[in-house]
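Colleague: Got a file for you: entry_38.cif, mmCIF, C-alpha atoms.
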data_structure
loop_
_atom_site.label_atom_id
_atom_site.label_comp_id
_atom_site.auth_asym_id
_atom_site.auth_seq_id
_atom_site.Cartn_x
_atom_site.Cartn_y
_atom_site.Cartn_z
CA MET V 131 0.00 0.00 0.00
CA ASN V 132 2.79 2.39 0.87
CA VAL V 133 4.47 1.64 -2.43
CA VAL V 134 1.27 2.43 -4.34
CA ARG V 135 0.87 5.73 -2.48
CA ALA V 136 4.46 6.67 -3.20
CA LEU V 137 3.93 5.95 -6.90
CA VAL V 138 0.77 8.07 -6.96
CA ARG V 139 2.45 10.95 -5.19
CA ARG V 140 5.45 11.03 -7.51
CA PRO V 141 4.13 10.80 -11.08
CA GLY V 142 6.53 13.51 -12.25
CA ARG V 143 9.54 11.64 -10.94
CA LEU V 144 8.40 8.40 -12.53
CA ALA V 145 7.93 10.15 -15.86
CA ALA V 146 11.41 11.65 -15.61
CA GLU V 147 12.96 8.28 -14.76
CA ALA V 148 11.12 6.59 -17.62
CA SER V 149 12.26 9.29 -20.03
CA ALA V 150 15.85 8.96 -18.82
CA LEU V 151 15.69 5.18 -19.26
CA LEU V 152 14.28 5.55 -22.78
CA ILE V 153 17.00 8.04 -23.73
CA ALA V 154 19.67 5.72 -22.29
CA VAL V 155 18.34 2.83 -24.38
CA LEU V 156 18.31 4.94 -27.54
CA VAL V 157 21.87 6.11 -26.90
CA ALA V 158 23.16 2.63 -26.04
CA PHE V 159 21.44 0.83 -28.93
CA PRO V 160 23.98 1.85 -31.63
CA LEU V 161 26.79 0.61 -29.37
CA TYR V 162 24.92 -2.66 -28.83
CA TRP V 163 24.38 -3.06 -32.58
CA MET V 164 28.07 -2.36 -33.24
CA VAL V 165 29.20 -5.06 -30.79
CA LEU V 166 26.51 -7.44 -32.07
CA SER V 167 27.67 -6.96 -35.66
CA ALA V 168 31.28 -7.56 -34.55
CA VAL V 169 30.45 -11.00 -33.13
CA ARG V 170 28.04 -12.08 -35.85
CA PRO V 171 29.06 -14.56 -38.55
CA ALA V 172 29.41 -13.12 -42.03
CA GLY V 173 26.20 -14.77 -43.17
CA GLU V 174 24.08 -13.02 -40.54
CA ILE V 175 25.64 -9.62 -41.24
CA GLU V 176 24.77 -9.84 -44.92
CA SER V 177 21.29 -11.20 -44.24
CA SER V 178 18.34 -9.23 -45.63
CA GLU V 179 16.42 -9.88 -42.40
CA PRO V 180 18.63 -8.62 -39.57
CA ARG V 181 17.77 -9.69 -36.03
CA PRO V 182 18.74 -7.91 -32.78
CA TRP V 183 20.50 -11.06 -31.53
CA THR V 184 22.69 -13.89 -32.75
CA THR V 185 22.54 -17.57 -31.97
CA SER V 186 26.09 -18.35 -33.11
CA PRO V 187 28.51 -15.64 -31.94
CA SER V 188 31.96 -15.67 -33.48
CA LEU V 189 35.26 -13.86 -32.84
CA ASP V 190 36.48 -14.21 -36.42
CA SER V 191 36.10 -10.48 -37.05
CA PHE V 192 38.29 -9.65 -34.05
CA HIS V 193 40.86 -12.20 -35.24
CA ARG V 194 41.05 -10.43 -38.60
CA VAL V 195 41.49 -7.09 -36.85
CA PHE V 196 44.35 -8.20 -34.61
CA GLU V 197 46.00 -10.10 -37.44
CA GLN V 198 46.61 -6.81 -39.22
CA GLN V 199 50.32 -6.10 -38.81
CA GLU V 200 49.91 -2.33 -38.52
CA PHE V 201 46.95 -2.37 -36.12
CA GLY V 202 49.13 -2.25 -32.99
CA ARG V 203 51.12 0.66 -34.39
CA TYR V 204 47.94 2.54 -35.25
CA PHE V 205 46.68 1.98 -31.71
CA LEU V 206 49.92 3.28 -30.17
CA ASN V 207 49.93 6.31 -32.47
CA SER V 208 46.37 7.17 -31.40
CA LEU V 209 47.36 6.92 -27.74
CA VAL V 210 50.35 9.22 -28.31
CA VAL V 211 48.27 11.80 -30.19
CA ALA V 212 45.31 11.79 -27.79
CA GLY V 213 47.49 11.71 -24.66
CA THR V 214 49.68 14.58 -25.84
CA VAL V 215 46.67 16.68 -26.85
CA VAL V 216 45.00 16.13 -23.47
CA ILE V 217 48.06 17.00 -21.36
CA VAL V 218 49.34 19.96 -23.39
CA SER V 219 45.93 21.53 -24.01
CA ALA V 220 44.97 21.16 -20.32
CA LEU V 221 48.14 22.89 -19.10
CA ILE V 222 47.92 25.71 -21.65
CA ALA V 223 44.20 26.20 -21.02
CA PHE V 224 44.75 26.33 -17.26
CA LEU V 225 47.44 29.02 -17.55
CA ALA V 226 45.45 30.99 -20.14
CA ALA V 227 42.22 30.82 -18.12
CA THR V 228 44.09 32.04 -15.04
CA ALA V 229 45.60 34.91 -17.01
CA VAL V 230 42.33 36.16 -18.52
CA THR V 231 40.53 35.83 -15.17
CA ARG V 232 43.02 37.10 -12.60
CA PHE V 233 44.81 39.79 -14.60
CA ARG V 234 43.55 42.98 -16.22
CA PHE V 235 45.28 43.82 -19.47
CA ARG V 236 44.56 45.53 -22.75
CA PHE V 237 42.44 43.67 -25.32
CA ARG V 238 41.42 41.06 -22.75
CA THR V 239 37.77 41.17 -23.84
CA THR V 240 38.80 41.09 -27.50
CA LEU V 241 40.86 37.98 -26.82
CA LEU V 242 37.91 36.23 -25.19
CA ILE V 243 35.68 37.12 -28.14
CA MET V 244 38.29 35.69 -30.49
CA PHE V 245 38.12 32.41 -28.57
CA LEU V 246 34.38 32.27 -29.27
CA VAL V 247 34.83 33.16 -32.93
CA ALA V 248 37.45 30.43 -33.31
CA GLN V 249 34.90 27.84 -32.23
CA MET V 250 32.42 29.01 -34.86
CA VAL V 251 34.72 28.18 -37.77
CA PRO V 252 34.10 24.63 -39.08
CA VAL V 253 37.08 22.34 -39.07
CA GLU V 254 36.47 21.33 -42.68
CA ALA V 255 36.95 24.92 -43.84
CA LEU V 256 40.43 25.02 -42.31
CA THR V 257 41.68 21.64 -43.45
CA ILE V 258 43.18 22.85 -46.73
CA PRO V 259 44.94 25.91 -45.19
CA LEU V 260 46.25 23.66 -42.41
CA PHE V 261 47.51 21.19 -45.01
CA PHE V 262 49.64 23.86 -46.70
CA LEU V 263 50.79 25.13 -43.30
CA MET V 264 51.92 21.67 -42.25
CA ARG V 265 53.62 21.18 -45.62
CA ASP V 266 55.56 24.42 -45.27
CA PHE V 267 56.70 23.45 -41.76
CA GLY V 268 57.65 19.96 -42.92
CA GLN V 269 55.16 18.24 -40.61
CA LEU V 270 53.26 16.16 -43.14
CA ASN V 271 53.38 12.41 -42.47
CA THR V 272 54.22 13.00 -38.81
CA LEU V 273 52.18 12.77 -35.63
CA GLY V 274 52.89 16.45 -35.06
CA SER V 275 50.56 17.31 -37.93
CA LEU V 276 47.74 15.68 -35.92
CA ILE V 277 48.73 16.91 -32.45
CA LEU V 278 49.14 20.62 -33.21
CA PRO V 279 45.73 21.20 -34.90
CA HIS V 280 43.87 19.32 -32.18
CA ILE V 281 45.57 21.36 -29.47
CA ALA V 282 44.63 24.55 -31.29
CA PHE V 283 40.99 23.50 -31.75
CA SER V 284 40.54 22.27 -28.16
CA LEU V 285 41.98 25.36 -26.47
CA PRO V 286 39.12 27.88 -27.03
CA PHE V 287 36.51 25.61 -25.42
CA ALA V 288 38.87 24.59 -22.61
CA ILE V 289 39.82 28.18 -21.79
CA TRP V 290 36.20 29.34 -21.70
CA MET V 291 35.17 26.45 -19.47
CA LEU V 292 38.13 26.77 -17.07
CA ARG V 293 37.60 30.52 -16.86
CA GLY V 294 34.46 29.91 -14.81
CA PHE V 295 36.28 27.56 -12.45
CA VAL V 296 39.15 29.98 -11.88
CA LYS V 297 36.71 32.84 -11.34
CA ALA V 298 34.81 30.76 -8.74
CA VAL V 299 37.90 30.55 -6.54
CA PRO V 300 37.63 33.56 -4.18
CA GLU V 301 40.36 36.16 -4.43
CA ALA V 302 40.47 36.19 -0.63
CA LEU V 303 42.04 32.74 -0.81
CA GLU V 304 44.78 34.06 -3.05
CA GLU V 305 45.39 37.03 -0.76
CA ALA V 306 45.57 34.74 2.28
CA ALA V 307 48.13 32.57 0.51
CA PHE V 308 50.28 35.59 -0.30
CA ILE V 309 50.07 36.78 3.31
CA ASP V 310 51.28 33.35 4.45
CA GLY V 311 54.31 33.73 2.21
CA ALA V 312 53.28 31.67 -0.79
CA SER V 313 54.65 32.76 -4.13
CA ARG V 314 52.42 33.17 -7.16
CA ALA V 315 53.78 29.96 -8.67
CA ARG V 316 53.10 28.03 -5.47
CA PHE V 317 49.55 29.38 -5.27
CA LEU V 318 49.03 28.53 -8.92
CA TRP V 319 50.08 24.87 -8.73
CA GLN V 320 49.46 23.87 -5.11
CA ILE V 321 46.20 25.71 -4.40
CA LEU V 322 44.48 26.86 -7.59
CA PHE V 323 45.31 23.84 -9.74
CA PRO V 324 43.70 21.25 -7.38
CA LEU V 325 40.58 23.40 -7.06
CA VAL V 326 40.01 23.64 -10.81
CA PHE V 327 41.12 20.07 -11.52
CA PRO V 328 37.51 18.82 -12.01
CA GLY V 329 37.13 21.39 -14.77
CA LEU V 330 40.39 20.21 -16.33
CA VAL V 331 39.06 16.66 -16.36
CA ALA V 332 35.83 17.75 -18.03
CA THR V 333 37.66 19.61 -20.79
CA SER V 334 40.14 16.76 -21.18
CA VAL V 335 37.32 14.34 -21.98
CA PHE V 336 36.25 16.42 -24.97
CA SER V 337 39.87 16.85 -26.11
CA PHE V 338 40.51 13.12 -25.82
CA ILE V 339 37.42 12.11 -27.79
CA SER V 340 38.11 14.64 -30.53
CA ALA V 341 41.73 13.53 -30.97
CA TRP V 342 41.01 9.81 -30.59
CA ASN V 343 38.19 9.71 -33.17
CA ASP V 344 39.82 12.06 -35.67
CA PHE V 345 39.68 10.84 -39.24
CA LEU V 346 39.73 14.06 -41.27
CA PHE V 347 43.20 15.25 -40.23
CA ALA V 348 44.63 11.73 -40.26
CA LYS V 349 43.41 11.21 -43.82
CA SER V 350 44.53 14.67 -45.00
CA PHE V 351 47.97 15.01 -43.35
CA ILE V 352 49.24 11.40 -43.32
CA ILE V 353 49.68 10.83 -47.04
CA SER V 354 52.40 8.27 -47.71
CA ASP V 355 53.92 7.12 -44.39
CA THR V 356 51.34 4.66 -43.07
CA SER V 357 53.46 4.01 -39.99
CA GLN V 358 52.29 7.40 -38.70
CA SER V 359 48.58 6.66 -39.21
CA THR V 360 46.15 6.46 -36.30
CA LEU V 361 43.49 3.95 -35.37
CA PRO V 362 40.58 5.45 -37.38
CA MET V 363 42.63 4.83 -40.51
CA ALA V 364 42.56 1.10 -39.70
CA LEU V 365 38.89 1.08 -40.65
CA LEU V 366 39.87 1.70 -44.27
CA VAL V 367 41.67 -1.65 -44.31
CA PHE V 368 38.33 -3.42 -43.93
CA TYR V 369 36.19 -1.06 -45.97
CA LYS V 370 36.38 -1.74 -49.67
CA PRO V 371 33.76 -0.20 -51.98
CA ASP V 372 33.26 -3.44 -53.91
CA ASP V 373 33.38 -5.88 -50.99
CA PRO V 374 33.29 -4.19 -47.55
CA ASP V 375 34.12 -6.34 -44.53
CA TRP V 376 31.44 -5.03 -42.18
CA GLY V 377 32.38 -7.51 -39.49
CA GLY V 378 35.96 -6.21 -39.52
CA VAL V 379 34.75 -2.60 -39.52
CA MET V 380 32.51 -3.20 -36.51
CA ALA V 381 35.17 -5.19 -34.66
CA ALA V 382 37.75 -2.43 -35.22
CA SER V 383 35.20 0.17 -34.12
CA THR V 384 34.54 -1.84 -30.96
CA VAL V 385 38.25 -1.95 -30.17
CA MET V 386 38.43 1.81 -30.77
CA THR V 387 35.58 2.40 -28.33
CA ILE V 388 37.14 0.48 -25.42
CA PRO V 389 39.83 3.09 -24.53
CA VAL V 390 37.18 5.83 -24.53
CA LEU V 391 35.00 3.81 -22.15
CA VAL V 392 38.00 3.09 -19.91
CA PHE V 393 38.87 6.79 -19.88
CA PHE V 394 35.30 7.67 -18.90
CA VAL V 395 35.30 5.10 -16.08
CA LEU V 396 38.56 6.47 -14.70
CA VAL V 397 37.43 10.11 -14.68
CA GLN V 398 33.66 9.77 -14.22
CA ARG V 399 33.58 11.20 -10.69
CA ARG V 400 35.75 14.14 -11.61
CA LEU V 401 33.78 14.60 -14.82
CA VAL V 402 30.42 14.86 -13.03
CA SER V 403 31.76 17.35 -10.48
CA GLY V 404 33.49 19.26 -13.25
CA LEU V 405 30.38 19.63 -15.38
CA GLY V 406 28.34 20.55 -12.32
CA GLY V 407 30.82 23.06 -10.98
CA ALA V 408 32.66 21.58 -8.05
CA VAL V 409 34.46 24.71 -6.85
CA LYS V 410 32.73 26.47 -3.99
CA ASP V 411 33.51 29.55 -1.94
#
Could I get this file's structure written as structure tokens?
Modeller:
Amino acid sequence: MNVVRALVRRPGRLAAEASALLIAVLVAFPLYWMVLSAVRPAGEIESSEPRPWTTSPSLDSFHRVFEQQEFGRYFLNSLVVAGTVVIVSALIAFLAATAVTRFRFRFRTTLLIMFLVAQMVPVEALTIPLFFLMRDFGQLNTLGSLILPHIAFSLPFAIWMLRGFVKAVPEALEEAAFIDGASRARFLWQILFPLVFPGLVATSVFSFISAWNDFLFAKSFIISDTSQSTLPMALLVFYKPDDPDWGGVMAASTVMTIPVLVFFVLVQRRLVSGLGGAVKD
């Protein structure tokens, strides 16, 4: 009886929970279909009557993926690119956000507006100019041609997001640290950095996903040296216009998704507090 009364009294909450569950199912279904297609036999994948299950799962598609000689190198290259982008962009964004928040200087507002404008420009429109820029600097066919653009594109969002976290730290805390004899560098790294760390984690997630899933830059800047290719390029090995290996494509996509899921699991607590604004007066 008490359960029935509770259900009657909270129809809004039940509706919200049902909506959240429905949205979760819709979001998770493509992932489920990707994994299902990766473990299906070739005959079921090519069937004209697809079913949302399989009665004879197989790991043949994963075997074909890991038998590719360059797959391990692609995986390592993706880790290097994504890891470098996350670390470098986080440090630069932290210092830049502190500068535009704590210091008053000429053209500060103009600089912040430029950060917003930079995010409005589509990446596709800058690919060709970036190609010639990388060619002139001799960075084509190197991982640097992938790292530098991703750092540049992730910084505006990261700086804007971290600016709110830095601003939320009361200036009285900074003044108290200076009175106690702390230098500006010590306050920056031992006091301010831990307080805004949740925001750094939140911005790092977006930087990691963007760099890890990048296909446009990898296809445009890595032309001849396949040893410098990243994991998304491995999908092209299995995709052939005349005879695509959909099982291999889905298996490779599943392997690509695992590091992202692991990264989310490791930073989920910091991510939630970062998106919600963990810094308090």
Colleague: Kindly give the distance, in Å, that separates CA of Trp319 in chain V and CA of Val390 in chain V, rounded to a single decimal.
Modeller: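 Atom-to-atom, CA of Trp319 in chain V to CA of Val390 in chain V, that is 27.9 Å.
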Colleague: Which residues would end up in the selection if the PyMOL selection byres ((chain V and resi 169-173) around 12) were applied here, given that I need the answer as a PyMOL selection string?
Modeller: chain V and resi 162-168+174-194+374-382+384
Colleague: Could you produce a table of the residues of range 169-276 of chain V lying within 9 Å of range 290-300 of chain V, with the nearest pair of atoms per residue and their separation in Å rounded to one decimal, using only C-alpha atoms, ordered by chain and increasing residue number, as JSON lines?
Modeller:
{"residue": "V:Ala223", "atom": "CA", "partner": "V:Leu292", "partner_atom": "CA", "distance": 7.3}
{"residue": "V:Phe224", "atom": "CA", "partner": "V:Leu292", "partner_atom": "CA", "distance": 6.6}
{"residue": "V:Ala226", "atom": "CA", "partner": "V:Arg293", "partner_atom": "CA", "distance": 8.5}
{"residue": "V:Ala227", "atom": "CA", "partner": "V:Arg293", "partner_atom": "CA", "distance": 4.8}
{"residue": "V:Thr228", "atom": "CA", "partner": "V:Val296", "partner_atom": "CA", "distance": 6.2}
{"residue": "V:Val230", "atom": "CA", "partner": "V:Arg293", "partner_atom": "CA", "distance": 7.5}
{"residue": "V:Thr231", "atom": "CA", "partner": "V:Lys297", "partner_atom": "CA", "distance": 6.2}
{"residue": "V:Arg232", "atom": "CA", "partner": "V:Lys297", "partner_atom": "CA", "distance": 7.7}
{"residue": "V:Leu242", "atom": "CA", "partner": "V:Trp290", "partner_atom": "CA", "distance": 7.9}
{"residue": "V:Phe245", "atom": "CA", "partner": "V:Trp290", "partner_atom": "CA", "distance": 7.8}
{"residue": "V:Leu246", "atom": "CA", "partner": "V:Trp290", "partner_atom": "CA", "distance": 8.3}
Colleague: Could you work out how far CA of Gly329 in chain V lies from CA of Ala154 in chain V, giving the answer in Å with one decimal?
Modeller: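 Distance reported for this atom pair: 24.6 Å.
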Colleague: Pick out the residues sitting within 12 Å of Ile281 in chain V, and hand them over as a PyMOL selection string; count only C-alpha atoms, and ignore anything fewer than 2 positions along from it in its own chain.
Modeller: chain V and resi 211-223+274-279+283-289+333-334+336-338+340-341
Colleague: Keeping C-alpha atoms, export the residues of the selection given above as a PDB file, in the coordinates of the input.
Modeller:
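So part18.pdb came out as:
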ATOM      1  CA  VAL V 211      48.270  11.800 -30.190  1.00  0.00           C
ATOM      2  CA  ALA V 212      45.310  11.790 -27.790  1.00  0.00           C
ATOM      3  CA  GLY V 213      47.490  11.710 -24.660  1.00  0.00           C
ATOM      4  CA  THR V 214      49.680  14.580 -25.840  1.00  0.00           C
ATOM      5  CA  VAL V 215      46.670  16.680 -26.850  1.00  0.00           C
ATOM      6  CA  VAL V 216      45.000  16.130 -23.470  1.00  0.00           C
ATOM      7  CA  ILE V 217      48.060  17.000 -21.360  1.00  0.00           C
ATOM      8  CA  VAL V 218      49.340  19.960 -23.390  1.00  0.00           C
ATOM      9  CA  SER V 219      45.930  21.530 -24.010  1.00  0.00           C
ATOM     10  CA  ALA V 220      44.970  21.160 -20.320  1.00  0.00           C
ATOM     11  CA  LEU V 221      48.140  22.890 -19.100  1.00  0.00           C
ATOM     12  CA  ILE V 222      47.920  25.710 -21.650  1.00  0.00           C
ATOM     13  CA  ALA V 223      44.200  26.200 -21.020  1.00  0.00           C
ATOM     14  CA  GLY V 274      52.890  16.450 -35.060  1.00  0.00           C
ATOM     15  CA  SER V 275      50.560  17.310 -37.930  1.00  0.00           C
ATOM     16  CA  LEU V 276      47.740  15.680 -35.920  1.00  0.00           C
ATOM     17  CA  ILE V 277      48.730  16.910 -32.450  1.00  0.00           C
ATOM     18  CA  LEU V 278      49.140  20.620 -33.210  1.00  0.00           C
ATOM     19  CA  PRO V 279      45.730  21.200 -34.900  1.00  0.00           C
ATOM     20  CA  PHE V 283      40.990  23.500 -31.750  1.00  0.00           C
ATOM     21  CA  SER V 284      40.540  22.270 -28.160  1.00  0.00           C
ATOM     22  CA  LEU V 285      41.980  25.360 -26.470  1.00  0.00           C
ATOM     23  CA  PRO V 286      39.120  27.880 -27.030  1.00  0.00           C
ATOM     24  CA  PHE V 287      36.510  25.610 -25.420  1.00  0.00           C
ATOM     25  CA  ALA V 288      38.870  24.590 -22.610  1.00  0.00           C
ATOM     26  CA  ILE V 289      39.820  28.180 -21.790  1.00  0.00           C
ATOM     27  CA  THR V 333      37.660  19.610 -20.790  1.00  0.00           C
ATOM     28  CA  SER V 334      40.140  16.760 -21.180  1.00  0.00           C
ATOM     29  CA  PHE V 336      36.250  16.420 -24.970  1.00  0.00           C
ATOM     30  CA  SER V 337      39.870  16.850 -26.110  1.00  0.00           C
ATOM     31  CA  PHE V 338      40.510  13.120 -25.820  1.00  0.00           C
ATOM     32  CA  SER V 340      38.110  14.640 -30.530  1.00  0.00           C
ATOM     33  CA  ALA V 341      41.730  13.530 -30.970  1.00  0.00           C
TER      34      ALA V 341
END
Colleague: Output as a tab-separated table one row per residue of range 209-321 of chain V within 8 Å of range 349-362 of chain V: the closest atom pair and its distance in Å to one decimal place, counting only C-alpha atoms, sorted by chain and residue number ascending.
Modeller:
residue	atom	partner	partner_atom	distance
V:Thr257	CA	V:Ser350	CA	7.7
V:Phe261	CA	V:Phe351	CA	6.4
V:Met264	CA	V:Phe351	CA	7.8
V:Leu270	CA	V:Phe351	CA	5.4
V:Asn271	CA	V:Ile352	CA	4.3
V:Thr272	CA	V:Gln358	CA	5.9
V:Leu273	CA	V:Gln358	CA	6.2
V:Ser275	CA	V:Phe351	CA	6.4
V:Leu276	CA	V:Phe351	CA	7.5
Colleague: Model the absent atoms of range 356-366 of chain V so that all heavy atoms are present, and write the result as a short mmCIF file (atom, residue, chain, number, x, y, z; two decimals), in the frame of the given file.
Modeller:
data_model
loop_
_atom_site.label_atom_id
_atom_site.label_comp_id
_atom_site.auth_asym_id
_atom_site.auth_seq_id
_atom_site.Cartn_x
_atom_site.Cartn_y
_atom_site.Cartn_z
N THR V 356 52.42 5.30 -43.83
CA THR V 356 51.34 4.66 -43.07
C THR V 356 51.74 4.32 -41.65
O THR V 356 50.87 4.06 -40.82
CB THR V 356 50.87 3.38 -43.79
OG1 THR V 356 51.99 2.50 -43.95
CG2 THR V 356 50.29 3.72 -45.16
N SER V 357 53.03 4.31 -41.35
CA SER V 357 53.46 4.01 -39.99
C SER V 357 53.07 5.12 -39.02
O SER V 357 53.09 4.91 -37.80
CB SER V 357 54.98 3.81 -39.94
OG SER V 357 55.67 5.00 -40.27
N GLN V 358 52.71 6.29 -39.53
CA GLN V 358 52.29 7.40 -38.70
C GLN V 358 50.76 7.54 -38.65
O GLN V 358 50.25 8.51 -38.09
CB GLN V 358 52.88 8.71 -39.23
CG GLN V 358 54.39 8.74 -39.28
CD GLN V 358 55.01 8.59 -37.90
OE1 GLN V 358 54.66 9.29 -36.96
NE2 GLN V 358 55.95 7.67 -37.78
N SER V 359 50.04 6.59 -39.21
CA SER V 359 48.58 6.66 -39.21
C SER V 359 48.04 6.32 -37.82
O SER V 359 48.72 5.72 -36.98
CB SER V 359 48.01 5.68 -40.23
OG SER V 359 48.38 6.05 -41.54
N THR V 360 46.81 6.71 -37.58
CA THR V 360 46.15 6.46 -36.30
C THR V 360 45.05 5.41 -36.47
O THR V 360 44.78 4.95 -37.58
CB THR V 360 45.56 7.76 -35.73
OG1 THR V 360 44.75 8.39 -36.73
CG2 THR V 360 46.67 8.71 -35.31
N LEU V 361 44.43 5.07 -35.38
CA LEU V 361 43.49 3.95 -35.37
C LEU V 361 42.29 4.14 -36.31
O LEU V 361 41.85 3.16 -36.93
CB LEU V 361 43.01 3.70 -33.95
CG LEU V 361 42.44 2.31 -33.64
CD1 LEU V 361 43.43 1.23 -34.05
CD2 LEU V 361 42.11 2.19 -32.17
N PRO V 362 41.70 5.33 -36.43
CA PRO V 362 40.58 5.45 -37.38
C PRO V 362 40.94 5.06 -38.81
O PRO V 362 40.07 4.62 -39.57
CB PRO V 362 40.20 6.94 -37.28
CG PRO V 362 40.61 7.33 -35.90
CD PRO V 362 41.86 6.56 -35.64
N MET V 363 42.22 5.21 -39.16
CA MET V 363 42.63 4.83 -40.51
C MET V 363 42.59 3.32 -40.71
O MET V 363 42.55 2.83 -41.83
CB MET V 363 44.04 5.35 -40.79
CG MET V 363 44.15 6.86 -40.78
SD MET V 363 43.21 7.62 -42.11
CE MET V 363 44.14 7.04 -43.53
N ALA V 364 42.62 2.56 -39.59
CA ALA V 364 42.56 1.10 -39.70
C ALA V 364 41.22 0.64 -40.26
O ALA V 364 41.13 -0.47 -40.81
CB ALA V 364 42.81 0.46 -38.34
N LEU V 365 40.19 1.46 -40.11
CA LEU V 365 38.89 1.08 -40.65
C LEU V 365 38.92 0.96 -42.17
O LEU V 365 38.16 0.19 -42.76
CB LEU V 365 37.84 2.10 -40.22
CG LEU V 365 37.60 2.25 -38.72
CD1 LEU V 365 36.56 3.33 -38.46
CD2 LEU V 365 37.16 0.93 -38.10
N LEU V 366 39.80 1.75 -42.81
CA LEU V 366 39.87 1.70 -44.27
C LEU V 366 40.41 0.37 -44.77
O LEU V 366 40.17 0.00 -45.92
CB LEU V 366 40.78 2.84 -44.77
CG LEU V 366 40.26 4.26 -44.54
CD1 LEU V 366 41.25 5.27 -45.07
CD2 LEU V 366 38.90 4.46 -45.19
#
